[in-house]
$ cat input_25.txt   # compact mmCIF, C-alpha atoms
# COMPACT_ATOMS: atom_id res chain seq x y z
CA MET R 247 -17.02 -74.03 -40.02
CA GLU R 248 -20.54 -74.98 -41.11
CA THR R 249 -21.30 -74.47 -44.77
CA PHE R 250 -24.48 -74.47 -46.82
CA VAL R 251 -24.55 -76.97 -49.66
CA SER R 252 -26.66 -75.82 -52.60
CA LEU R 253 -27.89 -78.70 -54.72
CA ARG R 254 -28.94 -76.60 -57.70
CA LEU R 255 -26.38 -78.25 -60.00
CA CYS R 256 -27.28 -81.82 -59.16
CA GLY R 257 -31.05 -81.59 -58.72
CA ARG R 258 -33.28 -80.64 -55.81
CA LYS R 259 -33.29 -83.03 -52.86
CA ASN R 260 -34.73 -83.03 -49.37
CA ILE R 261 -31.61 -82.21 -47.41
CA MET R 262 -30.62 -81.52 -43.84
CA ILE R 263 -27.96 -79.13 -42.59
CA ASN R 264 -25.97 -80.95 -39.93
CA GLY R 265 -28.91 -83.25 -39.32
CA LYS R 266 -31.52 -80.49 -39.03
CA LYS R 267 -34.33 -79.91 -41.47
CA LEU R 268 -34.89 -76.43 -42.89
CA VAL R 269 -38.39 -74.98 -42.61
CA VAL R 270 -39.36 -71.93 -44.65
CA ILE R 271 -42.16 -70.18 -42.75
CA ALA R 272 -44.57 -67.81 -44.50
CA LEU R 273 -46.24 -65.77 -41.76
CA GLY R 274 -49.71 -64.44 -42.48
CA GLY R 275 -51.00 -61.02 -41.57
CA ASN R 276 -52.63 -62.30 -38.37
CA ALA R 277 -49.12 -62.91 -37.00
CA ILE R 278 -48.74 -59.13 -37.02
CA LYS R 279 -52.22 -57.55 -36.93
CA LYS R 280 -55.34 -59.34 -35.72
CA ALA R 281 -58.76 -58.76 -37.24
CA GLY R 282 -60.48 -55.80 -35.58
CA GLU R 283 -57.26 -54.22 -34.32
CA VAL R 284 -56.25 -50.71 -35.33
CA GLY R 285 -52.67 -51.81 -35.90
CA THR R 286 -50.77 -49.68 -33.41
CA SER R 287 -47.12 -50.53 -32.77
CA GLU R 288 -48.20 -51.94 -29.39
CA ASP R 289 -50.70 -54.25 -31.11
CA GLN R 290 -48.14 -55.45 -33.62
CA PHE R 291 -45.33 -55.98 -31.13
CA ARG R 292 -47.70 -57.97 -28.88
CA ASN R 293 -48.85 -60.24 -31.72
CA ILE R 294 -45.33 -60.76 -33.02
CA ALA R 295 -44.09 -61.61 -29.52
CA LEU R 296 -46.70 -64.38 -29.27
CA THR R 297 -45.73 -65.69 -32.69
CA CYS R 298 -42.05 -65.70 -31.74
CA GLU R 299 -42.76 -67.93 -28.75
CA GLN R 300 -44.03 -70.54 -31.21
CA LEU R 301 -40.95 -70.07 -33.40
CA VAL R 302 -38.67 -70.72 -30.44
CA GLU R 303 -40.53 -73.98 -29.76
CA MET R 304 -39.94 -75.05 -33.37
CA ASN R 305 -36.26 -74.28 -33.05
CA LYS R 306 -36.04 -76.31 -29.84
CA GLN R 307 -37.24 -79.32 -31.84
CA ASP R 308 -34.14 -79.05 -34.03
CA TYR R 309 -35.72 -77.28 -37.00
CA LEU R 310 -33.76 -74.57 -38.78
CA MET R 311 -35.88 -71.64 -39.93
CA VAL R 312 -36.14 -69.00 -42.61
CA LEU R 313 -38.98 -66.50 -42.17
CA THR R 314 -40.99 -64.40 -44.58
CA HIS R 315 -44.10 -62.34 -43.93
CA GLY R 316 -46.87 -60.30 -45.50
CA ASN R 317 -47.27 -56.52 -45.41
CA GLY R 318 -50.71 -55.80 -46.89
CA PRO R 319 -52.23 -53.85 -43.96
CA GLN R 320 -48.98 -52.03 -43.22
CA ALA R 321 -48.38 -51.05 -46.85
CA GLY R 322 -51.97 -49.87 -47.21
CA ASN R 323 -51.78 -47.76 -44.06
CA LEU R 324 -48.44 -46.27 -45.05
CA LEU R 325 -49.82 -45.37 -48.48
CA ILE R 326 -52.60 -43.43 -46.74
CA GLN R 327 -50.01 -41.61 -44.62
CA GLN R 328 -48.00 -40.81 -47.75
CA GLU R 329 -51.02 -39.37 -49.53
CA GLU R 330 -52.39 -37.41 -46.58
CA GLY R 331 -48.99 -35.87 -45.84
CA SER R 332 -48.06 -35.13 -49.44
CA ASN R 333 -48.81 -31.40 -49.03
CA LEU R 334 -46.12 -31.27 -46.33
CA VAL R 335 -43.45 -33.73 -47.53
CA PRO R 336 -42.91 -35.64 -50.79
CA SER R 337 -44.80 -38.93 -50.96
CA MET R 338 -42.98 -42.15 -51.81
CA PRO R 339 -43.98 -44.62 -54.56
CA LEU R 340 -45.27 -48.10 -53.75
CA ASP R 341 -41.95 -49.90 -54.27
CA VAL R 342 -40.34 -47.62 -51.67
CA VAL R 343 -43.33 -48.20 -49.36
CA ASP R 344 -42.68 -51.95 -49.78
CA ALA R 345 -39.08 -51.37 -48.65
CA MET R 346 -40.19 -49.27 -45.69
CA THR R 347 -42.65 -51.90 -44.44
CA GLN R 348 -40.10 -54.67 -45.03
CA GLY R 349 -37.74 -52.85 -42.69
CA GLU R 350 -40.50 -52.07 -40.19
CA ILE R 351 -41.84 -55.60 -39.85
CA GLY R 352 -38.39 -57.19 -40.14
CA TYR R 353 -37.21 -55.10 -37.21
CA MET R 354 -40.23 -56.12 -35.11
CA PHE R 355 -39.69 -59.83 -35.74
CA GLN R 356 -35.94 -59.61 -35.29
CA ASN R 357 -36.34 -57.73 -32.00
CA GLN R 358 -39.00 -59.98 -30.53
CA LEU R 359 -37.38 -63.22 -31.69
CA GLN R 360 -34.09 -62.15 -30.12
CA ASN R 361 -35.96 -61.42 -26.89
CA ALA R 362 -37.76 -64.79 -27.00
CA PHE R 363 -34.49 -66.68 -27.44
CA HIS R 364 -32.91 -64.60 -24.66
CA ARG R 365 -35.70 -65.63 -22.28
CA ASP R 366 -35.04 -69.22 -23.30
CA GLY R 367 -31.36 -68.81 -22.39
CA ARG R 368 -29.99 -69.04 -25.92
CA ASP R 369 -28.12 -66.68 -28.22
CA ILE R 370 -29.21 -67.42 -31.80
CA PRO R 371 -27.99 -65.27 -34.72
CA ILE R 372 -30.90 -63.51 -36.45
CA ALA R 373 -30.80 -61.13 -39.41
CA SER R 374 -33.50 -59.21 -41.26
CA LEU R 375 -32.61 -58.67 -44.92
CA ILE R 376 -34.18 -56.16 -47.32
CA THR R 377 -34.74 -58.07 -50.55
CA GLN R 378 -35.78 -57.32 -54.13
CA MET R 379 -37.88 -59.64 -56.30
CA LEU R 380 -37.65 -59.68 -60.07
CA VAL R 381 -40.97 -59.33 -61.92
CA ASP R 382 -42.04 -59.02 -65.56
CA GLU R 383 -43.23 -55.55 -66.59
CA ASN R 384 -45.69 -57.25 -68.97
CA ASP R 385 -47.37 -59.26 -66.20
CA PRO R 386 -51.16 -59.06 -66.77
CA ASP R 387 -51.81 -57.96 -63.19
CA PHE R 388 -50.50 -54.50 -64.05
CA GLN R 389 -53.57 -54.15 -66.28
CA ASN R 390 -55.99 -55.79 -63.84
CA PRO R 391 -54.77 -55.19 -60.24
CA SER R 392 -55.73 -57.90 -57.75
CA LYS R 393 -53.80 -57.42 -54.48
CA PRO R 394 -55.85 -55.90 -51.60
CA VAL R 395 -54.00 -53.39 -49.41
CA GLY R 396 -55.08 -51.19 -46.53
CA PRO R 397 -58.38 -51.18 -44.63
CA PHE R 398 -61.82 -52.48 -45.59
CA TYR R 399 -64.41 -49.98 -46.81
CA SER R 400 -68.13 -49.93 -47.42
CA LYS R 401 -69.09 -49.85 -51.10
CA ASP R 402 -70.06 -46.17 -50.95
CA VAL R 403 -66.78 -45.12 -49.33
CA ALA R 404 -64.74 -47.29 -51.71
CA LEU R 405 -66.40 -45.80 -54.79
CA GLU R 406 -65.90 -42.28 -53.41
CA LEU R 407 -62.18 -42.99 -52.94
CA GLN R 408 -62.05 -44.34 -56.48
CA GLU R 409 -63.53 -41.08 -57.71
CA SER R 410 -61.58 -38.66 -55.51
CA LYS R 411 -58.18 -40.38 -55.25
CA GLY R 412 -58.04 -42.60 -58.31
CA TYR R 413 -57.95 -45.84 -56.31
CA VAL R 414 -58.71 -49.13 -58.01
CA VAL R 415 -61.22 -50.80 -55.67
CA LYS R 416 -62.83 -54.24 -55.65
CA GLU R 417 -65.23 -56.26 -53.54
CA VAL R 418 -63.03 -58.84 -51.84
CA ARG R 419 -65.36 -60.67 -49.45
CA SER R 420 -69.07 -61.07 -48.67
CA GLY R 421 -71.28 -61.19 -45.60
CA THR R 422 -70.32 -57.80 -44.15
CA ASP R 423 -71.08 -54.15 -44.78
CA LYS R 424 -67.35 -53.41 -45.19
CA ASN R 425 -66.25 -55.74 -47.96
CA TRP R 426 -64.35 -53.46 -50.39
CA ARG R 427 -60.63 -52.69 -50.48
CA ARG R 428 -58.13 -50.84 -52.57
CA VAL R 429 -56.23 -53.18 -54.90
CA VAL R 430 -52.81 -52.74 -56.51
CA PRO R 431 -50.86 -54.79 -59.08
CA SER R 432 -49.48 -58.12 -57.85
CA PRO R 433 -47.17 -59.55 -60.52
CA ALA R 434 -45.83 -63.10 -60.28
CA PRO R 435 -42.39 -63.33 -58.63
CA ILE R 436 -39.58 -64.53 -60.91
CA GLY R 437 -36.51 -64.66 -58.68
CA LEU R 438 -34.86 -63.14 -55.62
CA VAL R 439 -32.06 -60.69 -56.40
CA GLU R 440 -30.30 -61.40 -53.09
CA ALA R 441 -30.47 -65.20 -53.41
CA LYS R 442 -26.71 -65.69 -52.92
CA VAL R 443 -26.68 -63.57 -49.75
CA ILE R 444 -29.63 -65.47 -48.31
CA ARG R 445 -28.02 -68.86 -49.01
CA THR R 446 -24.78 -67.72 -47.39
CA LEU R 447 -26.55 -66.60 -44.19
CA VAL R 448 -28.64 -69.77 -43.97
CA GLY R 449 -25.46 -71.80 -44.42
CA LYS R 450 -24.09 -70.10 -41.28
CA ARG R 451 -27.28 -71.16 -39.47
CA VAL R 452 -28.54 -67.61 -39.19
CA ILE R 453 -32.32 -67.29 -38.86
CA VAL R 454 -33.03 -65.02 -41.82
CA ILE R 455 -36.13 -62.82 -42.03
CA THR R 456 -36.38 -61.98 -45.71
CA SER R 457 -38.55 -61.37 -48.77
CA GLY R 458 -41.00 -59.52 -46.50
CA GLY R 459 -44.22 -58.54 -48.21
CA GLY R 460 -43.11 -60.61 -51.18
CA GLY R 461 -39.99 -58.51 -51.68
CA ILE R 462 -39.59 -55.16 -53.42
CA PRO R 463 -40.71 -55.62 -57.05
CA VAL R 464 -37.99 -54.67 -59.53
CA MET R 465 -37.47 -55.06 -63.29
CA LYS R 466 -34.19 -55.72 -65.02
CA GLN R 467 -33.37 -53.17 -67.71
CA PRO R 468 -31.59 -54.08 -71.01
CA ASN R 469 -28.32 -52.78 -69.52
CA GLY R 470 -28.71 -55.12 -66.53
CA GLU R 471 -29.65 -52.42 -64.02
CA LEU R 472 -32.64 -52.83 -61.70
CA THR R 473 -35.59 -50.44 -61.48
CA GLY R 474 -38.34 -50.53 -58.87
CA ILE R 475 -41.95 -50.81 -60.01
CA GLU R 476 -45.13 -49.99 -58.09
CA ALA R 477 -46.72 -53.26 -57.00
CA VAL R 478 -47.08 -55.67 -54.05
CA ILE R 479 -46.07 -59.31 -54.61
CA ASP R 480 -48.08 -62.13 -53.04
CA LYS R 481 -46.09 -63.27 -50.02
CA ASP R 482 -47.03 -66.94 -50.35
CA MET R 483 -45.82 -67.20 -53.95
CA ALA R 484 -42.69 -65.25 -53.00
CA GLY R 485 -42.25 -67.60 -50.03
CA GLN R 486 -42.23 -70.55 -52.41
CA LYS R 487 -39.47 -68.87 -54.46
CA LEU R 488 -37.54 -68.31 -51.23
CA ALA R 489 -37.98 -71.97 -50.26
CA ASP R 490 -36.51 -73.00 -53.61
CA VAL R 491 -33.56 -70.63 -53.17
CA VAL R 492 -32.55 -72.21 -49.85
CA ASP R 493 -33.53 -75.79 -50.77
CA GLY R 494 -36.03 -75.87 -47.92
CA ASP R 495 -37.29 -79.25 -46.73
CA ILE R 496 -40.67 -78.01 -45.46
CA PHE R 497 -42.78 -75.02 -46.50
CA LEU R 498 -44.97 -73.92 -43.58
CA VAL R 499 -47.75 -71.43 -44.37
CA LEU R 500 -49.20 -69.91 -41.20
CA THR R 501 -52.60 -68.30 -41.52
CA ASP R 502 -55.79 -67.78 -39.48
CA VAL R 503 -57.31 -71.28 -39.81
CA ASP R 504 -56.13 -74.59 -38.37
CA HIS R 505 -56.83 -76.55 -41.57
CA VAL R 506 -57.71 -76.13 -45.21
CA TYR R 507 -61.43 -76.70 -45.72
CA VAL R 508 -63.56 -77.87 -48.60
CA ASN R 509 -67.04 -76.33 -48.89
CA TYR R 510 -65.78 -73.61 -46.55
CA GLY R 511 -68.56 -71.58 -44.91
CA LYS R 512 -71.26 -74.05 -45.96
CA SER R 513 -73.26 -76.47 -43.84
CA ASP R 514 -71.17 -79.37 -45.11
CA GLU R 515 -67.73 -77.75 -44.72
CA LYS R 516 -65.02 -80.27 -43.91
CA PRO R 517 -61.40 -79.89 -42.79
CA VAL R 518 -58.82 -81.67 -44.92
CA ARG R 519 -55.77 -83.16 -43.18
CA LYS R 520 -53.83 -84.26 -46.28
CA LEU R 521 -53.88 -83.39 -49.98
CA THR R 522 -51.91 -84.88 -52.82
CA ILE R 523 -50.86 -82.59 -55.67
CA VAL R 524 -53.57 -84.10 -57.88
CA GLU R 525 -56.26 -83.56 -55.24
CA ALA R 526 -55.15 -80.00 -54.53
CA LYS R 527 -55.22 -79.11 -58.23
CA LYS R 528 -58.70 -80.60 -58.61
CA HIS R 529 -60.04 -78.57 -55.67
CA LEU R 530 -58.48 -75.44 -57.17
CA ALA R 531 -60.14 -76.12 -60.52
CA ASP R 532 -63.47 -76.71 -58.76
CA GLY R 533 -63.26 -73.28 -57.06
CA GLN R 534 -62.96 -74.67 -53.54
CA PHE R 535 -60.27 -72.17 -52.58
CA PRO R 536 -61.12 -68.45 -52.88
CA GLU R 537 -58.79 -66.14 -54.76
CA GLY R 538 -57.14 -63.56 -52.52
CA SER R 539 -57.11 -65.93 -49.54
CA MET R 540 -56.54 -69.70 -49.76
CA ALA R 541 -55.96 -70.15 -53.51
CA PRO R 542 -52.49 -68.52 -53.66
CA LYS R 543 -51.42 -70.50 -50.60
CA ILE R 544 -52.43 -73.77 -52.26
CA ARG R 545 -50.68 -72.81 -55.50
CA ALA R 546 -47.49 -71.94 -53.63
CA CYS R 547 -47.58 -75.27 -51.77
CA ILE R 548 -48.16 -77.21 -54.99
CA ALA R 549 -45.21 -75.48 -56.68
CA PHE R 550 -42.96 -76.16 -53.67
CA VAL R 551 -43.70 -79.88 -53.61
CA GLU R 552 -43.51 -80.21 -57.39
CA ASN R 553 -40.06 -78.58 -57.26
CA GLY R 554 -38.79 -81.26 -54.89
CA GLY R 555 -39.85 -80.08 -51.43
CA GLU R 556 -40.63 -82.80 -48.91
CA ARG R 557 -44.02 -81.41 -47.85
CA ALA R 558 -45.95 -78.20 -47.46
CA ILE R 559 -48.22 -77.43 -44.52
CA ILE R 560 -51.01 -74.90 -44.02
CA THR R 561 -52.17 -74.23 -40.47
CA SER R 562 -52.59 -71.57 -37.80
CA ILE R 563 -49.79 -70.09 -35.73
CA ASN R 564 -50.98 -71.82 -32.56
CA GLN R 565 -50.91 -75.23 -34.28
CA ALA R 566 -47.53 -74.76 -35.98
CA VAL R 567 -45.43 -77.04 -33.75
CA ASP R 568 -48.04 -79.82 -33.78
CA ALA R 569 -48.37 -79.47 -37.56
CA LEU R 570 -44.63 -79.94 -38.08
CA ASN R 571 -44.92 -83.16 -36.07
CA GLY R 572 -47.81 -84.37 -38.25
CA ASN R 573 -50.52 -83.84 -35.64
CA ALA R 574 -52.34 -80.77 -37.00
CA GLY R 575 -52.85 -78.65 -40.09
CA THR R 576 -53.19 -79.67 -43.73
CA GLU R 577 -50.27 -81.35 -45.50
CA ILE R 578 -49.74 -81.09 -49.25
CA ILE R 579 -47.60 -83.97 -50.51
CA LEU R 580 -46.55 -85.34 -53.89
CA ASN R 581 -48.73 -88.45 -53.86
$ encode --input "input_25.txt" --output "structure tokens"
Amino acid sequence: METFVSLRLCGRKNIMINGKKLVVIALGGNAIKKAGEVGTSEDQFRNIALTCEQLVEMNKQDYLMVLTHGNGPQAGNLLIQQEEGSNLVPSMPLDVVDAMTQGEIGYMFQNQLQNAFHRDGRDIPIASLITQMLVDENDPDFQNPSKPVGPFYSKDVALELQESKGYVVKEVRSGTDKNWRRVVPSPAPIGLVEAKVIRTLVGKRVIVITSGGGGIPVMKQPNGELTGIEAVIDKDMAGQKLADVVDGDIFLVLTDVDHVYVNYGKSDEKPVRKLTIVEAKKHLADGQFPEGSMAPKIRACIAFVENGGERAIITSINQAVDALNGNAGTEIILN
């Protein structure tokens, strides 16, 4: 029987399970809902099916996988449904909405990945796990929310929603007439409640889909009980915590660009193929990576490598297999 060896007691190492490296994959929103799409179930199933074809190719190259994903658009849309239907049925708080979208997206990936492996003639065990993430109730983001959820609005519409519905709204991008979104608290993740369960499943070589949307934010009470709190955790930072839990060898962040860029959007923009920790930190300090998009991804990659991970990679879904083989994407390494 195959077992998972946790190296927490003897220090983090780059390990392999039966000769196979473990990749923790943080799937961006474009793996589920493309820009400009309404986000119907048909749209999402189609996008996820395409993503799963890439995941099967990774697996065929002898990589073991753990998956996590975002839920920003889905959580935002579900919040609108909750509010609009509140005169008919009770609305649910944000932590419950996090759980609902975790189940929704987890099911979609589990279903389509099972189908993709079936077409490839293989029966691979896959499990989607609802997970909770510990946070600190005193996290400063509760006082200054930063996580965008739901659709983009024009400034006038956003300010009207702020007035009529009590939304906290912020301008989150430039260069378009719809550049405002609702924002909610996004506290830093502390630790996964279901860590032991996840390690056990990975040790049995189950492909685990977990910590979706960053996990359901919960606080530990003085008596040791857990209480949900209304927030959405950044999925990249939560993905880094997940990678530490399973002693992942590689942290693969899949987004909507092939590389990380410096001077992005300017006439002298340049793709970067490799970054050391020192270089990545310098670019962060210089403001090269925007908050709310690339900055949290870079921070998560830095933390992963500093905690003993072999390498972190940022690339697009279509370049994922090539990036794992060192032929695409941006690698973040120790030195």
$ residues_around --input "input_25.txt" --residues "region 551-561 of chain R" --least-positions-apart "2" --cutoff "8 Å" --atoms "only C-alpha atoms" --output "mmCIF file with C-alpha atoms, in the frame of the given file"
data_model
loop_
_atom_site.group_PDB
_atom_site.id
_atom_site.type_symbol
_atom_site.label_atom_id
_atom_site.label_comp_id
_atom_site.auth_asym_id
_atom_site.auth_seq_id
_atom_site.Cartn_x
_atom_site.Cartn_y
_atom_site.Cartn_z
ATOM 1 C CA ARG R 258 -33.280 -80.640 -55.810
ATOM 2 C CA LYS R 259 -33.290 -83.030 -52.860
ATOM 3 C CA ASN R 260 -34.730 -83.030 -49.370
ATOM 4 C CA ASP R 490 -36.510 -73.000 -53.610
ATOM 5 C CA ASP R 493 -33.530 -75.790 -50.770
ATOM 6 C CA GLY R 494 -36.030 -75.870 -47.920
ATOM 7 C CA ASP R 495 -37.290 -79.250 -46.730
ATOM 8 C CA ILE R 496 -40.670 -78.010 -45.460
ATOM 9 C CA PHE R 497 -42.780 -75.020 -46.500
ATOM 10 C CA LEU R 498 -44.970 -73.920 -43.580
ATOM 11 C CA VAL R 499 -47.750 -71.430 -44.370
ATOM 12 C CA LEU R 500 -49.200 -69.910 -41.200
ATOM 13 C CA THR R 501 -52.600 -68.300 -41.520
ATOM 14 C CA ASP R 502 -55.790 -67.780 -39.480
ATOM 15 C CA VAL R 503 -57.310 -71.280 -39.810
ATOM 16 C CA ASP R 504 -56.130 -74.590 -38.370
ATOM 17 C CA HIS R 505 -56.830 -76.550 -41.570
ATOM 18 C CA VAL R 506 -57.710 -76.130 -45.210
ATOM 19 C CA ILE R 523 -50.860 -82.590 -55.670
ATOM 20 C CA LYS R 543 -51.420 -70.500 -50.600
ATOM 21 C CA CYS R 547 -47.580 -75.270 -51.770
ATOM 22 C CA ILE R 548 -48.160 -77.210 -54.990
ATOM 23 C CA ALA R 549 -45.210 -75.480 -56.680
ATOM 24 C CA ILE R 563 -49.790 -70.090 -35.730
ATOM 25 C CA GLN R 565 -50.910 -75.230 -34.280
ATOM 26 C CA ALA R 566 -47.530 -74.760 -35.980
ATOM 27 C CA ALA R 569 -48.370 -79.470 -37.560
ATOM 28 C CA LEU R 570 -44.630 -79.940 -38.080
ATOM 29 C CA ALA R 574 -52.340 -80.770 -37.000
ATOM 30 C CA GLY R 575 -52.850 -78.650 -40.090
ATOM 31 C CA THR R 576 -53.190 -79.670 -43.730
ATOM 32 C CA GLU R 577 -50.270 -81.350 -45.500
ATOM 33 C CA ILE R 578 -49.740 -81.090 -49.250
ATOM 34 C CA ILE R 579 -47.600 -83.970 -50.510
ATOM 35 C CA LEU R 580 -46.550 -85.340 -53.890
#
$ closest_residue --input "input_25.txt" --among "R:Ala526, R:Met379, R:Cys298, R:Leu521" --to "Val478 (chain R)" --atoms "all atoms listed in the file"
R:Met379
$ atom_distance --input "input_25.txt" --atom1 "CA of Gly285 (chain R)" --atom2 "CA of Val567 (chain R)"
26.3 Å
$ atom_distance --input "input_25.txt" --atom1 "CA of Ile479 (chain R)" --atom2 "CA of Met338 (chain R)"
17.7 Å
$ residues_around --input "input_25.txt" --residues "Met346 (chain R)" --least-positions-apart "2" --cutoff "12 Å" --atoms "all atoms listed in the file" --output "list in words"
Asn317, Gln320, Ala321, Gly322, Asn323, Leu324, Leu325, Gln328, Met338, Pro339, Leu340, Asp341, Val342, Val343, Asp344, Gln348, Gly349, Glu350, Ile351, Gly352, Tyr353, Ile376, Thr377, Gly458, Gly459, Gly461 and Ile462 of chain R
$ residues_around --input "input_25.txt" --residues "Gln307 (chain R)" --least-positions-apart "2" --cutoff "10 Å" --atoms "all atoms listed in the file" --output "PDB file with C-alpha atoms, keeping the file's coordinate frame"
ATOM      1  CA  LYS R 266     -31.520 -80.490 -39.030  1.00  0.00           C
ATOM      2  CA  VAL R 302     -38.670 -70.720 -30.440  1.00  0.00           C
ATOM      3  CA  GLU R 303     -40.530 -73.980 -29.760  1.00  0.00           C
ATOM      4  CA  MET R 304     -39.940 -75.050 -33.370  1.00  0.00           C
ATOM      5  CA  ASN R 305     -36.260 -74.280 -33.050  1.00  0.00           C
ATOM      6  CA  TYR R 309     -35.720 -77.280 -37.000  1.00  0.00           C
ATOM      7  CA  LEU R 310     -33.760 -74.570 -38.780  1.00  0.00           C
ATOM      8  CA  VAL R 567     -45.430 -77.040 -33.750  1.00  0.00           C
ATOM      9  CA  LEU R 570     -44.630 -79.940 -38.080  1.00  0.00           C
ATOM     10  CA  ASN R 571     -44.920 -83.160 -36.070  1.00  0.00           C
TER      11      ASN R 571
END
$ closest_residue --input "input_25.txt" --among "R:Ala434, R:Met354, R:Ala484, R:Leu301" --to "Gly316 (chain R)" --atoms "only C-alpha atoms"
R:Ala484
$ atom_distance --input "input_25.txt" --atom1 "CA of Asn333 (chain R)" --atom2 "CA of Val395 (chain R)"
22.6 Å
$ closest_residue --input "input_25.txt" --among "R:Pro397, R:Gly533, R:Gly331, R:Gly511" --to "Val284 (chain R)" --atoms "all atoms listed in the file"
R:Pro397
$ residues_around --input "input_25.txt" --residues "Asp387 (chain R)" --least-positions-apart "2" --cutoff "6 Å" --atoms "all atoms listed in the file" --output "count of residues only"
7
$ residues_around --input "input_25.txt" --residues "Asp423 (chain R)" --least-positions-apart "6" --cutoff "12 Å" --atoms "all atoms listed in the file" --output "ChimeraX atom specification"
/R:398-404,417
$ closest_residue --input "input_25.txt" --among "R:Val270, R:Leu438, R:Ala277, R:Ile455" --to "Asn564 (chain R)" --atoms "only C-alpha atoms"
R:Ala277
$ axis_aligned_box --input "input_25.txt" --around "region 546-562 of chain R" --padding-each-side "5 Å" --output "lines of an AutoDock Vina configuration file"
center_x = -45.7
center_y = -77.2
center_z = -47.6
size_x = 23.8
size_y = 21.2
size_z = 29.6
$ closest_residue --input "input_25.txt" --among "R:Arg428, R:Arg368, R:Arg545, R:Lys442" --to "Gln486 (chain R)" --atoms "only C-alpha atoms"
R:Arg545
$ closest_residue --input "input_25.txt" --among "R:Lys481, R:Arg427, R:Arg445, R:Lys306" --to "Gly274 (chain R)" --atoms "only C-alpha atoms"
R:Lys481
